file target_36.csv (CSV, C-alpha atoms and all ligand atoms)
chain,number,residue,atom,x,y,z
A,24,MET,CA,130.1,42.1,59.5
A,25,ALA,CA,127.0,39.9,59.4
A,26,GLY,CA,125.6,42.2,56.6
A,27,ILE,CA,128.8,41.9,54.6
A,28,MET,CA,128.8,38.1,55.0
A,29,ARG,CA,125.2,37.9,53.9
A,30,ARG,CA,125.9,40.0,50.8
A,31,LEU,CA,128.9,37.7,49.9
A,32,VAL,CA,126.7,34.6,50.3
A,33,LEU,CA,124.0,36.3,48.3
A,34,SER,CA,126.3,37.3,45.4
A,35,SER,CA,127.6,33.8,45.2
A,36,LEU,CA,123.9,32.6,45.0
A,37,GLN,CA,123.0,35.1,42.2
A,38,THR,CA,122.2,32.4,39.7
A,39,PRO,CA,118.7,32.1,38.4
A,40,SER,CA,118.8,28.3,38.6
A,41,ILE,CA,119.4,28.2,42.3
A,42,PHE,CA,116.9,30.9,43.0
A,43,SER,CA,114.2,29.7,40.7
A,44,ALA,CA,114.1,26.5,42.8
A,45,PHE,CA,114.2,28.4,46.1
A,46,ARG,CA,112.8,31.9,45.6
A,47,CYS,CA,113.0,32.7,49.3
A,48,LEU,CA,115.6,31.3,51.7
A,49,SER,CA,115.0,31.8,55.4
A,50,THR,CA,117.7,32.8,57.8
A,51,SER,CA,117.5,33.3,61.6
A,52,ASN,CA,116.3,36.9,61.4
A,53,SER,CA,115.2,37.7,57.8
A,54,LEU,CA,114.5,36.2,54.4
A,55,LEU,CA,117.0,36.1,51.6
A,56,ARG,CA,115.3,37.0,48.4
A,57,GLU,CA,116.5,36.8,44.8
A,58,PHE,CA,116.2,40.5,43.9
A,59,VAL,CA,116.0,42.3,47.2
A,60,LEU,CA,118.2,42.3,50.3
A,61,THR,CA,116.9,43.1,53.7
A,62,GLU,CA,118.9,44.0,56.7
A,63,LYS,CA,118.3,45.7,60.1
A,64,VAL,CA,120.6,48.6,60.5
A,65,GLY,CA,121.3,51.6,62.9
A,66,GLU,CA,122.6,51.6,66.4
A,67,LYS,CA,119.4,50.0,67.8
A,68,LYS,CA,118.9,47.8,64.7
A,69,ASN,CA,115.5,49.3,64.4
A,70,ILE,CA,115.8,50.6,60.8
A,71,GLY,CA,114.8,48.2,58.0
A,72,LEU,CA,117.1,48.6,55.0
A,73,ILE,CA,115.8,47.2,51.7
A,74,THR,CA,118.3,47.1,48.8
A,75,LEU,CA,117.1,46.4,45.2
A,76,ASN,CA,119.6,43.9,44.1
A,77,ARG,CA,119.6,43.3,40.3
A,78,PRO,CA,122.6,45.4,39.5
A,79,LYS,CA,123.4,43.8,36.1
A,80,ALA,CA,120.1,45.1,34.8
A,81,LEU,CA,120.4,48.4,36.7
A,82,ASN,CA,117.8,47.1,39.1
A,83,ALA,CA,115.1,47.1,36.4
A,84,LEU,CA,111.8,46.4,38.1
A,85,CYS,CA,110.8,43.0,36.8
A,86,ASP,CA,107.8,41.3,38.2
A,87,ALA,CA,109.8,39.0,40.6
A,88,LEU,CA,111.7,42.0,42.0
A,89,MET,CA,108.4,43.9,42.7
A,90,LYS,CA,107.1,40.8,44.4
A,91,ASP,CA,110.3,40.6,46.5
A,92,LEU,CA,110.0,44.3,47.4
A,93,SER,CA,106.3,43.9,48.5
A,94,ASP,CA,107.3,40.9,50.7
A,95,ALA,CA,110.2,42.9,52.2
A,96,ILE,CA,107.8,45.8,53.0
A,97,ASP,CA,105.4,43.2,54.6
A,98,GLU,CA,108.3,41.8,56.6
A,99,PHE,CA,109.4,45.1,58.1
A,100,GLU,CA,105.9,46.4,58.5
A,101,LYS,CA,105.1,43.4,60.7
A,102,ASP,CA,108.3,43.7,62.7
A,103,LYS,CA,107.5,45.7,65.9
A,104,ASP,CA,111.1,46.7,66.3
A,105,ILE,CA,111.3,48.5,63.0
A,106,GLY,CA,110.5,52.2,63.1
A,107,THR,CA,111.5,53.4,59.6
A,108,ILE,CA,112.4,51.7,56.3
A,109,ILE,CA,115.1,52.8,53.9
A,110,LEU,CA,115.0,51.8,50.2
A,111,THR,CA,118.1,52.0,48.0
A,112,GLY,CA,119.7,50.2,45.0
A,113,GLN,CA,122.8,48.1,44.6
A,114,GLY,CA,125.4,49.3,42.0
A,115,LYS,CA,125.1,52.4,39.8
A,116,ALA,CA,121.3,52.6,39.8
A,117,PHE,CA,118.4,53.0,42.2
A,118,ALA,CA,116.2,51.5,39.5
A,119,ALA,CA,116.2,52.1,35.7
A,120,GLY,CA,112.4,51.5,35.5
A,121,ALA,CA,110.0,48.7,34.7
A,122,ASP,CA,111.7,45.8,32.9
A,123,ILE,CA,111.4,46.7,29.2
A,124,LYS,CA,112.4,43.2,28.1
A,125,GLU,CA,109.6,41.7,30.2
A,126,MET,CA,107.1,44.3,28.8
A,127,GLN,CA,108.2,44.1,25.2
A,128,ASN,CA,105.8,41.5,23.9
A,129,LYS,CA,102.8,42.2,26.1
A,130,ASN,CA,99.6,43.3,24.4
A,131,PHE,CA,96.7,45.5,25.6
A,132,ALA,CA,94.5,42.6,26.6
A,133,GLU,CA,97.2,41.1,28.8
A,134,VAL,CA,98.2,44.3,30.6
A,135,PHE,CA,94.5,45.4,31.0
A,136,SER,CA,93.1,42.0,32.2
A,137,GLY,CA,96.1,41.3,34.4
A,138,SER,CA,95.9,44.9,35.8
A,139,PHE,CA,99.6,45.2,35.1
A,140,LEU,CA,101.5,47.4,37.7
A,141,SER,CA,98.6,47.4,40.1
A,142,HIS,CA,100.7,45.4,42.6
A,143,TRP,CA,103.4,48.2,42.5
A,144,LEU,CA,101.5,50.2,45.1
A,145,ARG,CA,102.9,48.4,48.2
A,146,VAL,CA,105.5,51.0,49.0
A,147,SER,CA,102.9,53.8,48.9
A,148,THR,CA,100.6,51.9,51.2
A,149,CYS,CA,103.2,51.1,53.9
A,150,ARG,CA,102.2,52.8,57.2
A,151,LYS,CA,105.7,53.1,58.4
A,152,PRO,CA,107.8,55.9,57.0
A,153,VAL,CA,109.9,55.0,54.0
A,154,ILE,CA,113.0,56.9,53.0
A,155,ALA,CA,114.3,56.6,49.4
A,156,ALA,CA,118.1,56.8,49.2
A,157,VAL,CA,118.6,57.3,45.5
A,158,ASN,CA,122.1,56.2,44.7
A,159,GLY,CA,122.1,56.5,40.9
A,160,TYR,CA,119.6,56.2,38.0
A,161,ALA,CA,116.0,56.6,39.1
A,162,LEU,CA,114.2,56.4,35.7
A,163,GLY,CA,110.7,55.6,34.8
A,164,GLY,CA,109.3,53.2,37.4
A,165,GLY,CA,112.5,53.9,39.4
A,166,CYS,CA,111.6,57.6,39.7
A,167,GLU,CA,108.0,56.6,40.4
A,168,LEU,CA,109.2,54.3,43.2
A,169,ALA,CA,111.3,57.1,44.7
A,170,MET,CA,108.2,59.4,44.6
A,171,MET,CA,106.1,56.7,46.4
A,172,CYS,CA,108.5,57.0,49.4
A,173,ASP,CA,107.9,59.6,52.1
A,174,ILE,CA,111.3,61.3,52.1
A,175,THR,CA,113.8,61.2,49.2
A,176,PHE,CA,117.5,61.8,49.6
A,177,ALA,CA,119.7,61.6,46.5
A,178,SER,CA,123.4,61.2,45.9
A,179,GLU,CA,125.1,64.0,43.9
A,180,ASN,CA,125.4,61.7,40.9
A,181,ALA,CA,121.8,60.5,40.9
A,182,LYS,CA,119.8,61.0,37.7
A,183,PHE,CA,116.0,61.2,37.5
A,184,GLY,CA,113.6,61.0,34.6
A,185,GLN,CA,110.4,59.7,33.1
A,186,PRO,CA,111.8,58.4,29.8
A,187,GLU,CA,108.7,56.2,28.9
A,188,ILE,CA,107.8,58.6,26.0
A,189,LEU,CA,111.1,57.5,24.3
A,190,ILE,CA,109.9,53.9,24.2
A,191,GLY,CA,106.4,54.7,23.0
A,192,THR,CA,104.5,54.6,26.3
A,193,ILE,CA,103.7,56.8,29.3
A,194,PRO,CA,104.5,56.5,33.0
A,195,GLY,CA,102.2,53.9,34.6
A,196,ALA,CA,103.0,54.0,38.3
A,197,GLY,CA,102.3,57.6,39.2
A,198,GLY,CA,104.9,59.5,37.2
A,199,THR,CA,102.4,62.0,35.6
A,200,GLN,CA,100.4,62.3,38.8
A,201,ARG,CA,103.1,62.7,41.5
A,202,ILE,CA,105.6,65.0,39.7
A,203,ILE,CA,103.0,67.6,39.1
A,204,LYS,CA,102.2,67.8,42.8
A,205,THR,CA,105.8,69.0,43.6
A,206,ALA,CA,107.1,70.4,40.4
A,207,GLY,CA,104.0,72.0,38.9
A,208,LYS,CA,102.5,71.6,35.4
A,209,SER,CA,105.2,73.1,33.2
A,210,LYS,CA,108.0,71.0,34.7
A,211,ALA,CA,105.9,67.9,34.8
A,212,MET,CA,105.0,68.3,31.2
A,213,GLU,CA,108.6,69.0,30.2
A,214,ILE,CA,109.8,65.8,32.0
A,215,CYS,CA,107.0,63.5,30.8
A,216,LEU,CA,106.9,64.8,27.2
A,217,THR,CA,110.6,65.1,26.5
A,218,GLY,CA,111.8,62.1,28.5
A,219,ASP,CA,114.9,64.1,29.4
A,220,GLN,CA,116.9,63.1,32.5
A,221,PHE,CA,117.4,65.6,35.3
A,222,THR,CA,120.0,65.9,38.0
A,223,ALA,CA,119.7,65.4,41.8
A,224,GLN,CA,120.3,69.1,42.2
A,225,GLU,CA,117.4,69.9,39.8
A,226,ALA,CA,115.2,67.3,41.6
A,227,GLU,CA,116.0,69.1,44.9
A,228,LYS,CA,115.0,72.5,43.4
A,229,MET,CA,111.7,71.0,42.2
A,230,GLY,CA,111.0,69.6,45.7
A,231,LEU,CA,111.2,66.0,44.6
A,232,VAL,CA,114.2,65.4,46.8
A,233,SER,CA,114.9,66.9,50.2
A,234,LYS,CA,118.7,66.4,50.5
A,235,VAL,CA,121.5,66.0,47.9
A,236,LEU,CA,124.5,64.2,49.5
A,237,PRO,CA,128.0,63.0,48.5
A,238,PRO,CA,127.6,59.3,47.5
A,239,ASP,CA,129.4,58.1,50.7
A,240,GLN,CA,127.1,60.1,52.9
A,241,LEU,CA,123.8,59.0,51.3
A,242,LEU,CA,123.2,55.9,53.4
A,243,PRO,CA,124.7,57.2,56.7
A,244,GLN,CA,122.5,60.3,56.4
A,245,ALA,CA,119.4,58.3,55.6
A,246,ILE,CA,120.1,56.1,58.6
A,247,LYS,CA,120.6,59.1,60.8
A,248,THR,CA,117.2,60.6,59.7
A,249,ALA,CA,115.5,57.2,60.1
A,250,GLU,CA,116.9,56.9,63.6
A,251,LYS,CA,115.6,60.4,64.5
A,252,ILE,CA,112.2,59.5,63.2
A,253,SER,CA,112.3,56.1,65.0
A,254,SER,CA,113.1,57.7,68.3
A,255,ASN,CA,109.5,59.2,68.3
A,256,SER,CA,106.3,57.3,69.1
A,257,LYS,CA,105.6,54.8,66.2
A,258,ILE,CA,101.9,55.4,66.6
A,259,ILE,CA,102.2,59.2,66.4
A,260,VAL,CA,104.6,59.0,63.5
A,261,SER,CA,102.1,56.9,61.6
A,262,MET,CA,99.4,59.5,62.3
A,263,ALA,CA,101.6,62.3,61.1
A,264,LYS,CA,102.4,60.4,58.0
A,265,GLU,CA,98.7,59.7,57.3
A,266,ALA,CA,97.9,63.4,57.8
A,267,VAL,CA,100.6,64.6,55.4
A,268,ASN,CA,99.5,62.0,52.8
A,269,ARG,CA,95.9,63.2,53.1
A,270,ALA,CA,97.0,66.7,52.0
A,271,TYR,CA,99.1,65.1,49.2
A,272,GLU,CA,96.3,62.8,48.0
A,273,THR,CA,93.1,64.8,48.5
A,274,THR,CA,91.7,68.3,48.7
A,275,LEU,CA,92.7,70.9,51.4
A,276,GLN,CA,89.3,70.6,53.1
A,277,GLU,CA,89.5,66.8,53.3
A,278,GLY,CA,93.0,67.0,54.5
A,279,LEU,CA,92.3,69.6,57.2
A,280,LEU,CA,89.4,67.5,58.5
A,281,CYS,CA,91.5,64.4,58.5
A,282,GLU,CA,94.4,66.2,60.2
A,283,ARG,CA,92.1,67.5,63.0
A,284,ARG,CA,90.6,64.1,63.6
A,285,LEU,CA,94.0,62.4,63.8
A,286,PHE,CA,95.2,65.2,66.1
A,287,HIS,CA,92.1,64.5,68.3
A,288,ALA,CA,93.0,60.7,68.1
A,289,SER,CA,96.5,61.3,69.4
A,290,PHE,CA,94.8,62.3,72.7
A,291,ALA,CA,93.7,58.6,73.0
A,292,THR,CA,97.4,57.5,73.2
A,293,GLU,CA,99.6,57.2,76.3
A,294,ASP,CA,102.5,58.6,74.3
A,295,ARG,CA,100.7,61.9,73.8
A,296,ALA,CA,100.2,62.2,77.6
A,297,GLU,CA,103.9,61.2,78.2
A,298,GLY,CA,105.2,63.6,75.6
A,299,MET,CA,103.4,66.6,77.0
A,300,SER,CA,104.2,65.6,80.6
A,301,ALA,CA,107.9,65.3,79.8
A,302,PHE,CA,107.9,68.7,78.3
A,303,VAL,CA,106.2,70.3,81.3
A,304,GLU,CA,108.5,68.4,83.7
A,305,LYS,CA,111.6,69.3,81.6
A,306,ARG,CA,112.8,65.7,80.9
A,307,PRO,CA,113.1,63.6,77.8
A,308,PRO,CA,110.0,61.6,77.0
A,309,LYS,CA,109.8,57.8,77.4
A,310,PHE,CA,107.5,56.6,74.6
A,311,GLN,CA,106.0,53.1,74.8
A,312,ASP,CA,104.2,53.1,71.4
A,313,LYS,CA,100.9,52.9,73.2
S,1,LIG,N1,114.5,47.2,31.6
S,1,LIG,C1,115.3,46.1,31.3
S,1,LIG,N2,116.6,46.1,31.2
S,1,LIG,C2,117.3,47.3,31.4
S,1,LIG,C3,116.5,48.5,31.8
S,1,LIG,C4,115.1,48.4,31.8
S,1,LIG,N3,114.4,49.4,32.2
S,1,LIG,N4,117.4,49.5,32.0
S,1,LIG,C5,118.7,48.9,31.8
S,1,LIG,N5,118.5,47.6,31.5
S,1,LIG,C6,119.6,46.7,31.2
S,1,LIG,C7,120.2,46.9,29.8
S,1,LIG,O1,119.4,46.3,28.8
S,1,LIG,C8,121.6,46.3,29.9
S,1,LIG,O2,121.4,44.9,29.9
S,1,LIG,P1,122.4,44.0,28.9
S,1,LIG,O3,123.8,44.2,29.6
S,1,LIG,O4,121.9,42.6,29.1
S,1,LIG,O5,122.3,44.6,27.6
S,1,LIG,C9,121.9,46.6,31.4
S,1,LIG,O6,120.7,46.9,32.0
S,1,LIG,C10,122.8,47.8,31.4
S,1,LIG,O7,122.2,48.9,30.8
S,1,LIG,P2,122.9,49.8,29.7
S,1,LIG,O8,123.9,49.0,28.9
S,1,LIG,O9,121.8,50.5,28.8
S,1,LIG,O10,123.6,50.9,30.6
S,1,LIG,P3,124.1,52.4,30.3
S,1,LIG,O11,124.9,52.8,31.4
S,1,LIG,O12,124.6,52.5,28.9
S,1,LIG,O13,122.7,53.2,30.2
S,1,LIG,C11,120.5,53.9,31.1
S,1,LIG,C12,121.9,53.4,31.4
S,1,LIG,C13,120.5,55.3,30.5
S,1,LIG,C14,119.7,53.8,32.4
S,1,LIG,C15,119.9,52.9,30.1
S,1,LIG,O14,120.0,51.6,30.5
S,1,LIG,C16,118.4,53.1,29.9
S,1,LIG,O15,118.0,54.1,29.2
S,1,LIG,N6,117.5,52.3,30.4
S,1,LIG,C17,116.1,52.3,30.2
S,1,LIG,C18,115.4,53.4,31.0
S,1,LIG,C19,113.9,53.5,30.8
S,1,LIG,O16,113.5,53.7,29.6
S,1,LIG,N7,113.1,53.3,31.8
S,1,LIG,C20,111.7,53.3,31.7
S,1,LIG,C21,111.1,52.0,31.6
S,1,LIG,S1,109.4,51.9,31.3
S,1,LIG,C22,108.7,52.2,32.8
S,1,LIG,O17,109.3,52.3,33.8
S,1,LIG,C23,107.1,52.3,32.8
S,1,LIG,C24,106.5,52.6,34.1
S,1,LIG,O18,106.1,53.8,34.3
S,1,LIG,C25,106.4,51.7,35.2

call {"tool": "encode", "arguments": {"input": "target_36.csv", "output": "structure tokens"}}
result
Amino acid sequence: MAGIMRRLVLSSLQTPSIFSAFRCLSTSNSLLREFVLTEKVGEKKNIGLITLNRPKALNALCDALMKDLSDAIDEFEKDKDIGTIILTGQGKAFAAGADIKEMQNKNFAEVFSGSFLSHWLRVSTCRKPVIAAVNGYALGGGCELAMMCDITFASENAKFGQPEILIGTIPGAGGTQRIIKTAGKSKAMEICLTGDQFTAQEAEKMGLVSKVLPPDQLLPQAIKTAEKISSNSKIIVSMAKEAVNRAYETTLQEGLLCERRLFHASFATEDRAEGMSAFVEKRPPKFQDK
């Protein structure tokens, strides 16, 4: 109910004039931002839900929205209660890419000197697990944003693609680099060189998505998975995430060494001792995140 009320208040405040004066409004337990909604969900309210909220522009990723998104990740990363973060979009899009209207008149000197898009990395540097719940279009930067997340679920009607080629540019936030890791060279080339959209089912076949769900099941299933992850030790979850990312981002030898070191490091935690003792004593573990 509180969430619904907040959404109503927010939609009544969706006028640029109000928000340009007060970009962030503080409430008792979270910040209200112009382009991003945050809410604690799940039975234990330990899941951080971030909703991209610029539906009239299909959640196009303008500079201010990306700033709001970074701040929302910061907020949940600092919050000790939050175990997992879910990222989704309001309306018929997850995100239709970088804001083309904002980019239209930029020149090389501006984008190069200003290191345009470099602040887009925040989702990929989050140490807590992030689940993308892709509810509609995930195009260009939207597809790249989904790929920055750790787990991606998609609704049956979601559409993916890297259409930058159709507007005379190329993906700039990991599209050419991350698709190839899961889909292989031929598919990555086809996607980046044609700009064709592809379905959630095709994305699942390529390994870009791990579950395709009916639209009304997307968020409940994402929350269920997030709750499962959050019932484990936060410190060990974070180690497992780091180890998987090492394989994704470096060579096999580097990854294996990192994995072994993190495995060794888990023996410095109380949760590792508790987890193994609980198994031997045939009881559920009581993790303390220590
Ligand atoms: N940037 C800015 N505005 C956008 C946008 C974008 N990426 N995508 C959609 N919008 C706006 C439209 O301009 C339109 O606004 P107005 O009502 O003010 O005209 C509104 O959102 C609704 O869009 P459409 O009327 O086009 O909706 P549709 O249902 O007919 O089509 C769509 C949907 C196929 C997603 C189409 O909007 C589209 O092709 N969008 C652009 C997708 C794209 O090219 N993305 C890549 C951007 S570049 C990038 O992301 C670079 C990078 O790597 C970071």

call {"tool": "closest_residue", "arguments": {"input": "target_36.csv", "among": "A:Ile258, A:Gln220, A:Phe139, A:Ala156", "to": "A:Ile73", "atoms": "only C-alpha atoms"}}
result
A:Ala156

call {"tool": "closest_residue", "arguments": {"input": "target_36.csv", "among": "A:Ala87, A:Ile105, A:Gly165, A:Thr148", "to": "ligand LIG 1 (chain S)", "atoms": "all atoms listed in the file"}}
result
A:Gly165

call {"tool": "residues_around", "arguments": {"input": "target_36.csv", "residues": "A:Met171", "least_positions_apart": "2", "cutoff": "7 Å", "atoms": "all atoms listed in the file", "output": "list in words"}}
result
Val146, Ser147, Glu167, Leu168, Ala169 and Asp173 of chain A

call {"tool": "residues_near_ligand", "arguments": {"input": "target_36.csv", "ligand": "ligand LIG 1 (chain S)", "cutoff": "9 Å", "atoms": "all atoms listed in the file", "output": "PDB file with C-alpha atoms, in the coordinates of the input"}}
result
ATOM      1  CA  PRO A  78     122.600  45.400  39.500  1.00  0.00           C
ATOM      2  CA  LYS A  79     123.400  43.800  36.100  1.00  0.00           C
ATOM      3  CA  ALA A  80     120.100  45.100  34.800  1.00  0.00           C
ATOM      4  CA  LEU A  81     120.400  48.400  36.700  1.00  0.00           C
ATOM      5  CA  ASN A  82     117.800  47.100  39.100  1.00  0.00           C
ATOM      6  CA  ALA A  83     115.100  47.100  36.400  1.00  0.00           C
ATOM      7  CA  LEU A  84     111.800  46.400  38.100  1.00  0.00           C
ATOM      8  CA  CYS A  85     110.800  43.000  36.800  1.00  0.00           C
ATOM      9  CA  LYS A 115     125.100  52.400  39.800  1.00  0.00           C
ATOM     10  CA  ALA A 116     121.300  52.600  39.800  1.00  0.00           C
ATOM     11  CA  ALA A 118     116.200  51.500  39.500  1.00  0.00           C
ATOM     12  CA  ALA A 119     116.200  52.100  35.700  1.00  0.00           C
ATOM     13  CA  GLY A 120     112.400  51.500  35.500  1.00  0.00           C
ATOM     14  CA  ALA A 121     110.000  48.700  34.700  1.00  0.00           C
ATOM     15  CA  ASP A 122     111.700  45.800  32.900  1.00  0.00           C
ATOM     16  CA  ILE A 123     111.400  46.700  29.200  1.00  0.00           C
ATOM     17  CA  LYS A 124     112.400  43.200  28.100  1.00  0.00           C
ATOM     18  CA  GLU A 125     109.600  41.700  30.200  1.00  0.00           C
ATOM     19  CA  MET A 126     107.100  44.300  28.800  1.00  0.00           C
ATOM     20  CA  LEU A 140     101.500  47.400  37.700  1.00  0.00           C
ATOM     21  CA  TRP A 143     103.400  48.200  42.500  1.00  0.00           C
ATOM     22  CA  TYR A 160     119.600  56.200  38.000  1.00  0.00           C
ATOM     23  CA  ALA A 161     116.000  56.600  39.100  1.00  0.00           C
ATOM     24  CA  LEU A 162     114.200  56.400  35.700  1.00  0.00           C
ATOM     25  CA  GLY A 163     110.700  55.600  34.800  1.00  0.00           C
ATOM     26  CA  GLY A 164     109.300  53.200  37.400  1.00  0.00           C
ATOM     27  CA  GLY A 165     112.500  53.900  39.400  1.00  0.00           C
ATOM     28  CA  CYS A 166     111.600  57.600  39.700  1.00  0.00           C
ATOM     29  CA  GLU A 167     108.000  56.600  40.400  1.00  0.00           C
ATOM     30  CA  LEU A 168     109.200  54.300  43.200  1.00  0.00           C
ATOM     31  CA  LYS A 182     119.800  61.000  37.700  1.00  0.00           C
ATOM     32  CA  GLY A 184     113.600  61.000  34.600  1.00  0.00           C
ATOM     33  CA  GLN A 185     110.400  59.700  33.100  1.00  0.00           C
ATOM     34  CA  PRO A 186     111.800  58.400  29.800  1.00  0.00           C
ATOM     35  CA  GLU A 187     108.700  56.200  28.900  1.00  0.00           C
ATOM     36  CA  ILE A 188     107.800  58.600  26.000  1.00  0.00           C
ATOM     37  CA  LEU A 189     111.100  57.500  24.300  1.00  0.00           C
ATOM     38  CA  ILE A 190     109.900  53.900  24.200  1.00  0.00           C
ATOM     39  CA  THR A 192     104.500  54.600  26.300  1.00  0.00           C
ATOM     40  CA  ILE A 193     103.700  56.800  29.300  1.00  0.00           C
ATOM     41  CA  PRO A 194     104.500  56.500  33.000  1.00  0.00           C
ATOM     42  CA  GLY A 195     102.200  53.900  34.600  1.00  0.00           C
ATOM     43  CA  ALA A 196     103.000  54.000  38.300  1.00  0.00           C
ATOM     44  CA  GLY A 197     102.300  57.600  39.200  1.00  0.00           C
ATOM     45  CA  GLY A 198     104.900  59.500  37.200  1.00  0.00           C
ATOM     46  CA  GLY A 218     111.800  62.100  28.500  1.00  0.00           C
ATOM     47  CA  GLN A 220     116.900  63.100  32.500  1.00  0.00           C
TER      48      GLN A 220
END

call {"tool": "closest_residue", "arguments": {"input": "target_36.csv", "among": "A:Val59, A:Val260, A:Ala270, A:Leu110", "to": "A:Met170", "atoms": "only C-alpha atoms"}}
result
A:Leu110

call {"tool": "residues_around", "arguments": {"input": "target_36.csv", "residues": "A:Asp94", "least_positions_apart": "5", "cutoff": "12 Å", "atoms": "all atoms listed in the file", "output": "JSON, numbers by chain"}}
result
{"A": [46, 47, 53, 54, 55, 56, 57, 58, 59, 60, 61, 73, 87, 88, 89, 99, 100, 101, 142, 143, 145, 146, 149]}

call {"tool": "atom_distance", "arguments": {"input": "target_36.csv", "atom1": "atom CA of A:Gln244", "atom2": "atom CA of A:Lys228"}}
result
19.3 Å

call {"tool": "atom_distance", "arguments": {"input": "target_36.csv", "atom1": "atom CA of A:Gly159", "atom2": "atom CA of A:Phe117"}}
result
5.3 Å

call {"tool": "closest_residue", "arguments": {"input": "target_36.csv", "among": "A:Ile154, A:Val134, A:Ile70, A:Asp86", "to": "A:Leu241", "atoms": "all atoms listed in the file"}}
result
A:Ile154

call {"tool": "residues_around", "arguments": {"input": "target_36.csv", "residues": "A:Thr248", "least_positions_apart": "4", "cutoff": "12 Å", "atoms": "all atoms listed in the file", "output": "NGL selection string"}}
result
:A and (65 or 70 or 106-109 or 152-156 or 174-176 or 233-234 or 241-244 or 252-255)

call {"tool": "atom_distance", "arguments": {"input": "target_36.csv", "atom1": "atom CA of A:Ile96", "atom2": "atom CA of A:Glu62"}}
result
11.8 Å

call {"tool": "closest_residue", "arguments": {"input": "target_36.csv", "among": "A:Ser261, A:Asn76, A:Gln200, A:Asn180", "to": "A:Glu225", "atoms": "all atoms listed in the file"}}
result
A:Asn180
